[in-house]
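File shown here: protein.tsv, holding TSV, C-alpha atoms and all ligand atoms.
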```tsv
chain	number	residue	atom	x	y	z
A	1129	MET	CA	19.83	-16.90	4.58
A	1130	SER	CA	17.65	-13.97	5.45
A	1131	ASP	CA	14.32	-14.44	7.16
A	1132	PRO	CA	11.21	-14.83	5.03
A	1133	PHE	CA	8.94	-11.84	4.60
A	1134	HIS	CA	5.35	-11.93	5.74
A	1135	ILE	CA	3.20	-10.68	2.87
A	1136	VAL	CA	-0.57	-10.23	3.18
A	1137	CYS	CA	-2.42	-11.50	0.11
A	1138	PRO	CA	-4.38	-8.67	-1.56
A	1139	HIS	CA	-7.07	-11.13	-2.66
A	1140	CYS	CA	-7.82	-13.40	0.34
A	1141	GLN	CA	-5.89	-11.53	3.11
A	1142	ALA	CA	-3.90	-14.68	4.02
A	1143	VAL	CA	-0.48	-13.99	5.54
A	1144	ASN	CA	2.17	-15.66	3.36
A	1145	ARG	CA	5.80	-16.35	4.26
A	1146	VAL	CA	7.91	-15.48	1.23
A	1147	PRO	CA	11.70	-16.03	1.19
A	1148	ALA	CA	13.50	-12.77	0.44
A	1149	VAL	CA	14.98	-14.17	-2.77
A	1150	ARG	CA	11.50	-15.07	-4.05
A	1151	LEU	CA	9.94	-11.64	-3.43
A	1152	GLY	CA	10.86	-10.38	-6.89
A	1153	GLN	CA	9.81	-13.60	-8.65
A	1154	THR	CA	6.05	-12.91	-8.78
A	1155	PRO	CA	5.18	-15.24	-5.89
A	1156	ASN	CA	1.65	-16.61	-5.61
A	1157	CYS	CA	-0.49	-16.83	-2.49
A	1158	GLY	CA	-0.28	-20.23	-0.78
A	1159	GLN	CA	-3.96	-20.13	0.00
A	1160	CYS	CA	-5.77	-18.69	-3.06
A	1161	HIS	CA	-2.88	-19.19	-5.55
A	1162	ARG	CA	-3.31	-15.73	-7.03
A	1163	PRO	CA	-0.32	-13.36	-7.45
A	1164	LEU	CA	0.76	-11.53	-4.29
A	1165	PHE	CA	1.91	-8.60	-6.42
A	1166	GLU	CA	0.16	-7.37	-9.54
A	1167	ALA	CA	1.92	-4.01	-10.02
A	1168	HIS	CA	-1.29	-2.37	-8.91
A	1169	PRO	CA	-2.54	-0.72	-5.70
A	1170	VAL	CA	-4.71	-2.78	-3.36
A	1171	GLU	CA	-8.09	-1.37	-2.33
A	1172	LEU	CA	-8.34	-1.49	1.48
A	1173	THR	CA	-11.44	-1.30	3.67
A	1174	GLN	CA	-12.10	-1.20	7.39
A	1175	ALA	CA	-12.08	-5.01	7.31
A	1176	SER	CA	-8.65	-5.37	5.69
A	1177	PHE	CA	-6.75	-2.18	6.57
A	1178	ALA	CA	-5.25	-3.14	9.93
A	1179	ARG	CA	-4.19	-6.56	8.69
A	1180	HIS	CA	-2.23	-5.10	5.77
A	1181	ILE	CA	-0.67	-2.35	7.87
A	1182	GLU	CA	0.30	-4.62	10.75
A	1183	ARG	CA	1.11	-7.98	9.19
A	1184	ASN	CA	3.08	-6.99	6.08
A	1185	ASP	CA	6.84	-7.02	6.66
A	1186	ILE	CA	7.22	-4.60	3.78
A	1187	PRO	CA	6.18	-0.94	4.16
A	1188	VAL	CA	2.68	-0.03	3.00
A	1189	LEU	CA	2.03	3.25	1.17
A	1190	VAL	CA	-1.62	4.29	1.40
A	1191	ASP	CA	-3.35	6.82	-0.85
A	1192	PHE	CA	-6.32	8.29	1.03
A	1193	TRP	CA	-8.60	9.60	-1.72
A	1194	ALA	CA	-12.23	10.25	-2.65
A	1195	PRO	CA	-14.17	9.88	-5.92
A	1196	TRP	CA	-15.26	13.55	-6.00
A	1197	CYS	CA	-11.71	14.89	-5.61
A	1198	GLY	CA	-10.19	16.13	-8.89
A	1199	PRO	CA	-6.52	16.03	-7.80
A	1200	CYS	CA	-7.11	12.45	-6.55
A	1201	GLN	CA	-8.35	11.43	-10.00
A	1202	MET	CA	-5.30	13.04	-11.57
A	1203	MET	CA	-2.94	11.23	-9.23
A	1204	ALA	CA	-4.56	7.79	-9.62
A	1205	PRO	CA	-2.65	6.72	-12.78
A	1206	GLN	CA	0.56	8.14	-11.30
A	1207	PHE	CA	0.02	6.03	-8.21
A	1208	VAL	CA	-0.47	2.89	-10.35
A	1209	GLN	CA	2.84	3.62	-12.09
A	1210	ALA	CA	4.50	4.11	-8.72
A	1211	ALA	CA	3.24	0.65	-7.73
A	1212	GLN	CA	4.97	-0.79	-10.78
A	1213	LEU	CA	8.23	0.83	-9.67
A	1214	LEU	CA	8.04	0.20	-5.92
A	1215	GLU	CA	6.66	-3.36	-5.70
A	1216	PRO	CA	7.65	-5.76	-4.22
A	1217	LYS	CA	9.72	-3.66	-1.81
A	1218	VAL	CA	6.66	-1.60	-0.88
A	1219	ARG	CA	2.94	-2.46	-0.95
A	1220	LEU	CA	0.77	0.30	-2.44
A	1221	ALA	CA	-2.81	0.61	-1.27
A	1222	LYS	CA	-5.78	2.93	-1.59
A	1223	VAL	CA	-8.48	3.93	0.88
A	1224	ASN	CA	-11.66	5.55	-0.44
A	1225	THR	CA	-12.37	8.00	2.38
A	1226	GLU	CA	-15.95	8.44	1.22
A	1227	SER	CA	-16.92	4.79	1.59
A	1228	GLU	CA	-14.44	4.23	4.46
A	1229	GLN	CA	-15.08	7.33	6.55
A	1230	ALA	CA	-14.10	5.63	9.80
A	1231	LEU	CA	-10.59	4.96	8.48
A	1232	GLY	CA	-10.16	8.55	7.39
A	1233	ALA	CA	-11.27	9.74	10.82
A	1234	GLN	CA	-9.14	7.17	12.67
A	1235	TRP	CA	-6.01	8.37	10.88
A	1236	GLY	CA	-6.94	12.06	11.03
A	1237	ILE	CA	-7.00	12.59	7.28
A	1238	ARG	CA	-7.85	16.28	6.83
A	1239	SER	CA	-7.15	16.79	3.15
A	1240	ILE	CA	-7.05	14.52	0.16
A	1241	PRO	CA	-5.21	13.14	-1.50
A	1242	THR	CA	-2.95	12.25	1.42
A	1243	LEU	CA	-0.20	9.67	1.13
A	1244	ALA	CA	0.76	7.88	4.33
A	1245	LEU	CA	3.62	5.43	4.69
A	1246	PHE	CA	3.31	2.65	7.28
A	1247	ARG	CA	5.72	0.04	8.56
A	1248	GLY	CA	5.05	-2.49	11.28
A	1249	GLY	CA	1.65	-0.94	12.05
A	1250	ARG	CA	3.09	2.53	12.63
A	1251	GLU	CA	2.91	5.59	10.44
A	1252	LEU	CA	6.36	6.74	9.33
A	1253	ALA	CA	5.38	9.79	7.32
A	1254	ARG	CA	2.58	11.47	5.45
A	1255	GLN	CA	2.31	13.96	2.65
A	1256	ALA	CA	-0.77	15.86	1.51
A	1257	GLY	CA	-1.38	16.90	-2.09
A	1258	ALA	CA	-1.21	15.24	-5.48
A	1259	MET	CA	2.20	14.02	-6.65
A	1260	GLY	CA	3.58	12.65	-9.90
A	1261	THR	CA	5.01	9.16	-10.22
A	1262	GLN	CA	8.65	10.14	-9.80
A	1263	ASP	CA	7.87	12.38	-6.83
A	1264	ILE	CA	5.97	9.56	-5.12
A	1265	VAL	CA	8.83	7.12	-5.67
A	1266	ARG	CA	11.44	9.65	-4.54
A	1267	TRP	CA	9.46	10.56	-1.42
A	1268	VAL	CA	8.97	6.93	-0.39
A	1269	ARG	CA	12.62	6.07	-0.90
A	1270	ALA	CA	13.66	9.14	1.10
A	1271	GLN	CA	11.46	8.05	4.04
A	1272	LEU	CA	12.83	4.50	3.98
A	1273	GLY	CA	16.44	5.61	3.74
A	1301	ZN	ZN	-4.57	-15.24	-1.33
```
Please re-express this file's structure in structure tokens.
Ligand SMILES: [Zn+2]
Amino acid sequence: MSDPFHIVCPHCQAVNRVPAVRLGQTPNCGQCHRPLFEAHPVELTQASFARHIERNDIPVLVDFWAPWCGPCQMMAPQFVQAAQLLEPKVRLAKVNTESEQALGAQWGIRSIPTLALFRGGRELARQAGAMGTQDIVRWVRAQLG
């Protein structure tokens, strides 16, 4: 038996322990009973960012974006599709750098969109510029080996 994965609930931020075999079986949160994965990126704020980055046992891919950024708007549906392909092995999340300026500054985001891949609270890699679904998936898988 492999160890259970810690998965942070995107709805109530509770840390769930999910057995590896159950990860792909649309597990629900033990606290709020909503799905832990919905094939959709999670919107993160200053209040929830660190918890998701540090407490998830799966890698977290963050799209740093802004509402006024044209390439960000173009990439948004591609990023949703990437979530459908990468969950539950990877959590996909978004940070609106306009409403969450402190997070953008903390992580030194200089251009948007920027994708950053985190595991265990540390940044593994980042990539600036809009990407299509397949490029996002390929890039993430390349980083994770
Ligand atoms: Zn929950």
Task: Contacts of ligand ZN 1301 (chain A), 8 Å or closer, all atoms listed in the file, given as a ChimeraX atom specification - done: /A:1136-1142,1156-1164
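When only C-alpha atoms are used to compute distances to Arg1254 in chain A, the closest of the residues A:Pro1155, A:Leu1189, A:Val1208, A:Thr1225 turns out to be A:Leu1189.
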Task: Distance query Glu1251 in chain A at most 12 Å, all atoms listed in the file, self and fewer than 2 positions along chain excluded, as a PyMOL selection string - done: chain A and resi 1178+1181-1182+1187-1190+1235-1236+1243-1249+1253-1255+1271-1272
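Proximity ranking of A:Cys1197, A:Met1202, A:Leu1213, A:Leu1231 relative to Gly1152 in chain A places A:Leu1213 first, based on all atoms listed in the file.
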Task: Near-Val1170 in chain A list (7 Å; all atoms listed in the file; drop same-chain fewer than 3 positions) as a PyMOL selection string - done: chain A and resi 1138+1220-1222
Do you know which residues lie at most 8 Å from (-12.3, 11.1, -3.4), with coordinates as in the file and all atoms listed in the file counted, and could you write them as a short mmCIF file (atom, residue, chain, number, x, y, z; two decimals) with C-alpha atoms, in the frame of the given file?
```
data_model
loop_
_atom_site.label_atom_id
_atom_site.label_comp_id
_atom_site.auth_asym_id
_atom_site.auth_seq_id
_atom_site.Cartn_x
_atom_site.Cartn_y
_atom_site.Cartn_z
CA PHE A 1192 -6.32 8.29 1.03
CA TRP A 1193 -8.60 9.60 -1.72
CA ALA A 1194 -12.23 10.25 -2.65
CA PRO A 1195 -14.17 9.88 -5.92
CA TRP A 1196 -15.26 13.55 -6.00
CA CYS A 1197 -11.71 14.89 -5.61
CA GLY A 1198 -10.19 16.13 -8.89
CA CYS A 1200 -7.11 12.45 -6.55
CA GLN A 1201 -8.35 11.43 -10.00
CA ASN A 1224 -11.66 5.55 -0.44
CA THR A 1225 -12.37 8.00 2.38
CA GLU A 1226 -15.95 8.44 1.22
CA ILE A 1240 -7.05 14.52 0.16
CA PRO A 1241 -5.21 13.14 -1.50
#
```
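CA of Gln1234 in chain A lies 27.1 Å from CA of Pro1216 in chain A.
Taking CA of Leu1151 in chain A and CA of Ile1186 in chain A as the two end points, the separation is 10.4 Å.
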TODO: In Å, rounded to a single decimal, give me how far CA of Val1223 in chain A is from CA of Ser1176 in chain A.
DONE: 10.5 Å
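In terms of minimum interatomic distance to Ala1258 in chain A, A:Gln1206 ranks closest within A:Gln1206, A:Asn1144, A:Gln1229, A:Gln1212, counting only C-alpha atoms.
You can rank A:His1168, A:Arg1250, A:Arg1183, A:Arg1238 by their closest distance to Glu1215 in chain A using only C-alpha atoms, and at the top of that list sits A:His1168.
Each of A:Val1265, A:Ile1237, A:Leu1252, A:Val1143 was checked against Arg1179 in chain A using only C-alpha atoms; the smallest atom-to-atom distance is that of A:Val1143.
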Open item on the list: I'd like the neighbourhood of Asp1185 in chain A as a list in words, where a residue qualifies if any of its atoms comes within 7 Å (using only C-alpha atoms), though same-chain residues fewer than 5 positions away should be ignored.
Closed with: Phe1133, His1134, Ile1135 and Gly1248 of chain A
Open item on the list: Let me make sure I understand: among A:His1180, A:Val1149, A:Asp1191, A:Ala1210, which one has the smallest atom-to-atom distance to Arg1266 in chain A if we use only C-alpha atoms?
Closed with: A:Ala1210
